[in-house]
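> Once you've had a glance at the structure underneath, I'll fire off some questions.
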Amino acid sequence: MDIKEKDNKINLLEFSAEDLRTVVERLGMKPYRAAQICRWIYSEGVESFFAMTDISKSDREKLSEAAEIRPPELSERLVSDDETEKHLFALQDGEKVESVLIPDEGRLTLCISSQAGCALGCRFCLTGAGGIRRNLLPHEITGQALVAEAGRPASATAGKGCKITNIVLMGMGEPLLNTENVFEALRRLISPKMFNISPRRITLSTAGIVPGIKALGESGLDVNLAVSINAPNDEIRDRIMPVNKKYPLKALVKALKDYPLAPRRRITVEYVMLKGINDKVEHAAELGRLLRGLRCKINLIPFNEHGGSEFKRPEEASVLAFQERLHSMNYTAFIRESRGADILAACGQLRGFSARKTLTEAPPGV
């Protein structure tokens, strides 16, 4: 374990619950203080050591002198007409990443980023247009949830004080090209001593990194898996997703069929629909044949248009006909309308820069 310091203070968010025990011992405190500190940070959301009232005054003074709680800086918060929020974070090195908070009836979902930028260059995705800059570290990934939780946004659907119920790794970046940091972040999100979110309420989305899918299956993390397939054959997928040239559909579907699924669990197949490219009824039939034998459900995502894109959103009739063809083949297929398109917060629109529309006062940090 490497204790990193800035301005002679240790950022406690960099450490897992287990490593935090070593940190407090090095600071001259009893190991059990680590569990207390975790509870105050991750359950109570405190921003000051002096608010940790079950820790002795002398230990709080030690913490204040040697350590701090420093999440990613929330530099901007935008609110969509549909109450979706986009959070723009400034990291310590100046990089920018985004997360999206989606309120719905009875749930509050946070879509978080795993990389600054993305290396995959999917032609329909705004995020990949800027390329990859770097991987995010575990505390930079989980810090997005910590800041969103601290905001406790009030809305007609979520309500004041509603806690985050679901996490999706569908923001900037490809999670399975950053497995070491992402898997550690997932362990922290699941840990009862930290965020304590059920793995069944966490979904990792990948563009189809076959070795990463295998690694996730072997990790024991037991989170949900979503895969962006977006084409029924290699010819179309090669055109819109360069990753397919390295991991073609045959290898990808085999990896999905080999993936260890618990009873009653299914893989989510995500399918972005592009007008005139992959939205025909015959494409639906071909997709159904491709996925035969895979325990899955299918999310159909009509393309979210953005400036400069060569692609267009399909007609509603095409989307409905596509869905009906899949239903006729006994697949569960949903039409997923993305949220927050008016602030560039919808699927495939994150880029890591301001898209100012409705700026509200940023929620307090932790």
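In the structure tokens, chains take the letters A, B, ... in the order shown, each chain's residues start at 1, and ligands count up from 1 in the order shown.
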Each residue of range 152-269 of chain A lying at most 9 Å from range 278-281 of chain A should get a row with its shortest atom-to-atom pair and the distance in Å to one decimal, counting only C-alpha atoms; could you produce that, ordered by chain and increasing number, as a Markdown table?


| residue | atom | partner | partner_atom | distance |
| --- | --- | --- | --- | --- |
| A:Asn230 | CA | A:Asn278 | CA | 7.6 |
| A:Ala231 | CA | A:Asn278 | CA | 6.1 |
| A:Pro232 | CA | A:Asn278 | CA | 7.6 |
| A:Ile236 | CA | A:Asn278 | CA | 7.4 |

> Pull the alpha helix (DSSP H) assignments for range 128-240 of chain A out of DSSP run on the backbone, and list those residues as an NGL selection string.

:A and (138-151 or 179-190 or 210-219 or 234-240)

> Deliver the residues from the most recent selection as a file, using N, CA and C atoms, as a compact mmCIF listing (two decimals), in the first residue's frame.


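Output saved as selection_39.txt:
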# COMPACT_ATOMS: atom_id res chain seq x y z
N PRO A 138 -9.37 4.17 -8.65
CA PRO A 138 -10.58 3.74 -7.94
C PRO A 138 -11.32 4.86 -7.22
N HIS A 139 -10.58 5.74 -6.52
CA HIS A 139 -11.27 6.78 -5.76
C HIS A 139 -11.84 7.87 -6.67
N GLU A 140 -11.32 7.99 -7.89
CA GLU A 140 -11.90 8.93 -8.85
C GLU A 140 -13.21 8.38 -9.43
N ILE A 141 -13.30 7.07 -9.51
CA ILE A 141 -14.53 6.43 -9.97
C ILE A 141 -15.59 6.49 -8.89
N THR A 142 -15.25 6.02 -7.69
CA THR A 142 -16.24 6.03 -6.60
C THR A 142 -16.53 7.44 -6.11
N GLY A 143 -15.57 8.35 -6.27
CA GLY A 143 -15.78 9.73 -5.83
C GLY A 143 -16.95 10.39 -6.54
N GLN A 144 -17.24 9.97 -7.77
CA GLN A 144 -18.40 10.51 -8.48
C GLN A 144 -19.69 10.19 -7.72
N ALA A 145 -19.75 8.98 -7.16
CA ALA A 145 -20.92 8.58 -6.38
C ALA A 145 -20.96 9.32 -5.05
N LEU A 146 -19.80 9.52 -4.45
CA LEU A 146 -19.76 10.20 -3.16
C LEU A 146 -20.26 11.64 -3.27
N VAL A 147 -19.85 12.33 -4.32
CA VAL A 147 -20.28 13.72 -4.51
C VAL A 147 -21.77 13.77 -4.84
N ALA A 148 -22.23 12.87 -5.70
CA ALA A 148 -23.66 12.85 -6.03
C ALA A 148 -24.50 12.55 -4.80
N GLU A 149 -24.01 11.66 -3.96
CA GLU A 149 -24.72 11.32 -2.72
C GLU A 149 -24.76 12.51 -1.78
N ALA A 150 -23.68 13.27 -1.73
CA ALA A 150 -23.62 14.43 -0.85
C ALA A 150 -24.62 15.50 -1.28
N GLY A 151 -24.90 15.55 -2.61
CA GLY A 151 -25.82 16.57 -3.11
C GLY A 151 -27.24 16.34 -2.66
N THR A 179 -9.43 -2.54 -16.07
CA THR A 179 -10.00 -3.54 -15.16
C THR A 179 -9.48 -3.43 -13.72
N GLU A 180 -8.17 -3.20 -13.55
CA GLU A 180 -7.62 -3.17 -12.20
C GLU A 180 -8.30 -2.10 -11.36
N ASN A 181 -8.41 -0.89 -11.89
CA ASN A 181 -9.02 0.20 -11.13
C ASN A 181 -10.52 0.05 -11.03
N VAL A 182 -11.17 -0.40 -12.10
CA VAL A 182 -12.62 -0.57 -12.08
C VAL A 182 -13.03 -1.67 -11.11
N PHE A 183 -12.33 -2.79 -11.11
CA PHE A 183 -12.70 -3.89 -10.21
C PHE A 183 -12.52 -3.46 -8.75
N GLU A 184 -11.46 -2.69 -8.46
CA GLU A 184 -11.28 -2.20 -7.09
C GLU A 184 -12.38 -1.21 -6.73
N ALA A 185 -12.76 -0.36 -7.67
CA ALA A 185 -13.87 0.57 -7.42
C ALA A 185 -15.16 -0.20 -7.14
N LEU A 186 -15.40 -1.27 -7.90
CA LEU A 186 -16.60 -2.08 -7.66
C LEU A 186 -16.57 -2.72 -6.29
N ARG A 187 -15.41 -3.20 -5.88
CA ARG A 187 -15.32 -3.79 -4.54
C ARG A 187 -15.68 -2.77 -3.47
N ARG A 188 -15.29 -1.52 -3.67
CA ARG A 188 -15.61 -0.48 -2.70
C ARG A 188 -17.09 -0.12 -2.73
N LEU A 189 -17.67 -0.09 -3.92
CA LEU A 189 -19.10 0.21 -4.03
C LEU A 189 -19.94 -0.88 -3.36
N ILE A 190 -19.48 -2.13 -3.44
CA ILE A 190 -20.21 -3.25 -2.87
C ILE A 190 -19.95 -3.40 -1.38
N VAL A 210 -13.39 -8.91 -25.04
CA VAL A 210 -13.54 -10.32 -24.70
C VAL A 210 -12.70 -10.74 -23.50
N PRO A 211 -11.39 -10.41 -23.41
CA PRO A 211 -10.62 -10.81 -22.22
C PRO A 211 -11.16 -10.16 -20.94
N GLY A 212 -11.66 -8.93 -21.06
CA GLY A 212 -12.23 -8.26 -19.89
C GLY A 212 -13.50 -8.92 -19.42
N ILE A 213 -14.33 -9.40 -20.34
CA ILE A 213 -15.55 -10.11 -19.97
C ILE A 213 -15.20 -11.38 -19.19
N LYS A 214 -14.18 -12.08 -19.68
CA LYS A 214 -13.73 -13.29 -18.97
C LYS A 214 -13.20 -12.94 -17.58
N ALA A 215 -12.42 -11.86 -17.49
CA ALA A 215 -11.87 -11.44 -16.19
C ALA A 215 -12.97 -11.04 -15.23
N LEU A 216 -13.99 -10.36 -15.72
CA LEU A 216 -15.11 -9.98 -14.86
C LEU A 216 -15.83 -11.22 -14.35
N GLY A 217 -16.03 -12.19 -15.22
CA GLY A 217 -16.68 -13.42 -14.80
C GLY A 217 -15.90 -14.19 -13.75
N GLU A 218 -14.57 -14.06 -13.79
CA GLU A 218 -13.72 -14.76 -12.82
C GLU A 218 -13.49 -13.96 -11.55
N SER A 219 -13.94 -12.71 -11.54
CA SER A 219 -13.63 -11.81 -10.41
C SER A 219 -14.47 -12.08 -9.18
N ASP A 234 -20.89 -8.77 -38.61
CA ASP A 234 -19.56 -8.15 -38.55
C ASP A 234 -19.40 -7.02 -39.56
N GLU A 235 -20.04 -7.13 -40.70
CA GLU A 235 -19.88 -6.09 -41.71
C GLU A 235 -20.35 -4.73 -41.20
N ILE A 236 -21.54 -4.71 -40.60
CA ILE A 236 -22.05 -3.45 -40.06
C ILE A 236 -21.27 -3.04 -38.82
N ARG A 237 -20.98 -4.00 -37.96
CA ARG A 237 -20.29 -3.65 -36.71
C ARG A 237 -18.88 -3.14 -36.97
N ASP A 238 -18.20 -3.68 -37.96
CA ASP A 238 -16.88 -3.17 -38.33
C ASP A 238 -16.95 -1.69 -38.72
N ARG A 239 -18.02 -1.30 -39.40
CA ARG A 239 -18.17 0.08 -39.87
C ARG A 239 -18.39 1.05 -38.72
N ILE A 240 -19.15 0.64 -37.71
CA ILE A 240 -19.53 1.60 -36.67
C ILE A 240 -18.77 1.41 -35.36

> Residues at most 9 Å from Ala35 in chain A, counting only C-alpha atoms, excluding those fewer than 5 positions away in the same chain, as number ranges by chain?

A: 17-18, 20-21, 40, 193-194

> With distances taken over only C-alpha atoms, which of A:Cys122, A:Ile132, A:Ala90, A:Met329 is nearest to Val272 in chain A?

A:Cys122

> Applying 8 Å and only C-alpha atoms, which residues near range 314-319 of chain A remain after dropping the ones on its own chain fewer than 3 positions away? List them as an NGL selection string.

:A and (273-276 or 279-281 or 300 or 302-303 or 322-323 or 335)

> For Pro199 in chain A, list every protein, DNA or RNA residue within 12 Å, evaluated using only C-alpha atoms, and leave out those in the same chain fewer than 2 positions away; present the list as a ChimeraX atom specification.

/A:165-168,186-192,195-197,201-204,220-225,265

> What separation in Å, quoted to one decimal, exists between CA of Arg266 in chain A and CA of Arg295 in chain A?

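That distance, rounded to one decimal, is 5.2 Å.
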
> Report the residues of range 229-278 of chain A whose backbone DSSP state falls under strand (DSSP E), written as JSON, numbers by chain.

{"A": [267, 268, 269, 270, 271, 272, 273]}

> Return the single residue from A:Arg292, A:Lys163, A:Lys297, A:Lys250 that is closest to Tyr271 in chain A, with distances computed using only C-alpha atoms.

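With only C-alpha atoms as the atom set, the closest residue is A:Lys297.
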
> Applying 8 Å and only C-alpha atoms, which residues near Met172 in chain A remain after dropping the ones on its own chain fewer than 5 positions away? List them as an mmCIF file with N, CA and C atoms, in the first residue's frame.


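Now in around-v2.cif:
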data_model
loop_
_atom_site.group_PDB
_atom_site.id
_atom_site.type_symbol
_atom_site.label_atom_id
_atom_site.label_comp_id
_atom_site.auth_asym_id
_atom_site.auth_seq_id
_atom_site.Cartn_x
_atom_site.Cartn_y
_atom_site.Cartn_z
ATOM 1 N N VAL A 97 -14.168 14.755 -16.323
ATOM 2 C CA VAL A 97 -15.039 13.612 -16.599
ATOM 3 C C VAL A 97 -16.448 13.969 -16.165
ATOM 4 N N GLU A 98 -17.394 13.169 -16.619
ATOM 5 C CA GLU A 98 -18.792 13.455 -16.321
ATOM 6 C C GLU A 98 -19.499 12.233 -15.743
ATOM 7 N N ILE A 112 -21.679 6.475 -14.115
ATOM 8 C CA ILE A 112 -20.356 6.999 -13.804
ATOM 9 C C ILE A 112 -19.349 6.639 -14.886
ATOM 10 N N SER A 113 -18.276 7.430 -14.926
ATOM 11 C CA SER A 113 -17.204 7.254 -15.905
ATOM 12 C C SER A 113 -16.066 6.438 -15.316
ATOM 13 N N SER A 114 -15.354 5.728 -16.194
ATOM 14 C CA SER A 114 -14.220 4.915 -15.761
ATOM 15 C C SER A 114 -12.911 5.362 -16.403
ATOM 16 N N GLN A 115 -12.988 6.223 -17.415
ATOM 17 C CA GLN A 115 -11.801 6.761 -18.079
ATOM 18 C C GLN A 115 -12.061 8.217 -18.442
ATOM 19 N N ALA A 116 -10.993 8.982 -18.575
ATOM 20 C CA ALA A 116 -11.091 10.314 -19.168
ATOM 21 C C ALA A 116 -10.953 10.123 -20.670
ATOM 22 N N GLY A 117 -12.061 10.247 -21.381
ATOM 23 C CA GLY A 117 -12.078 9.943 -22.800
ATOM 24 C C GLY A 117 -12.316 8.472 -23.045
ATOM 25 N N CYS A 118 -12.130 8.050 -24.300
ATOM 26 C CA CYS A 118 -12.325 6.646 -24.650
ATOM 27 C C CYS A 118 -11.488 6.325 -25.873
ATOM 28 N N THR A 127 -18.355 10.612 -27.063
ATOM 29 C CA THR A 127 -17.277 10.443 -26.087
ATOM 30 C C THR A 127 -15.978 10.008 -26.752
ATOM 31 N N LEU A 350 -21.597 12.003 -23.690
ATOM 32 C CA LEU A 350 -20.671 12.558 -22.710
ATOM 33 C C LEU A 350 -19.320 12.831 -23.360
ATOM 34 N N ARG A 351 -18.740 13.961 -22.991
ATOM 35 C CA ARG A 351 -17.475 14.332 -23.619
ATOM 36 C C ARG A 351 -16.477 14.923 -22.626
#

> So, with only C-alpha atoms as the atoms that count, which of A:Pro71, A:Arg325, A:Ile164, A:Thr84 lies closest to Thr109 in chain A?

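Smallest distance to Thr109 in chain A is found for A:Ile164.
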
> Within 10 Å of Arg70 in chain A, counting only C-alpha atoms, which residues qualify if same-chain residues fewer than 6 places away don't, as a PyMOL selection string?

chain A and resi 10-14+47+92+139+143+365-366
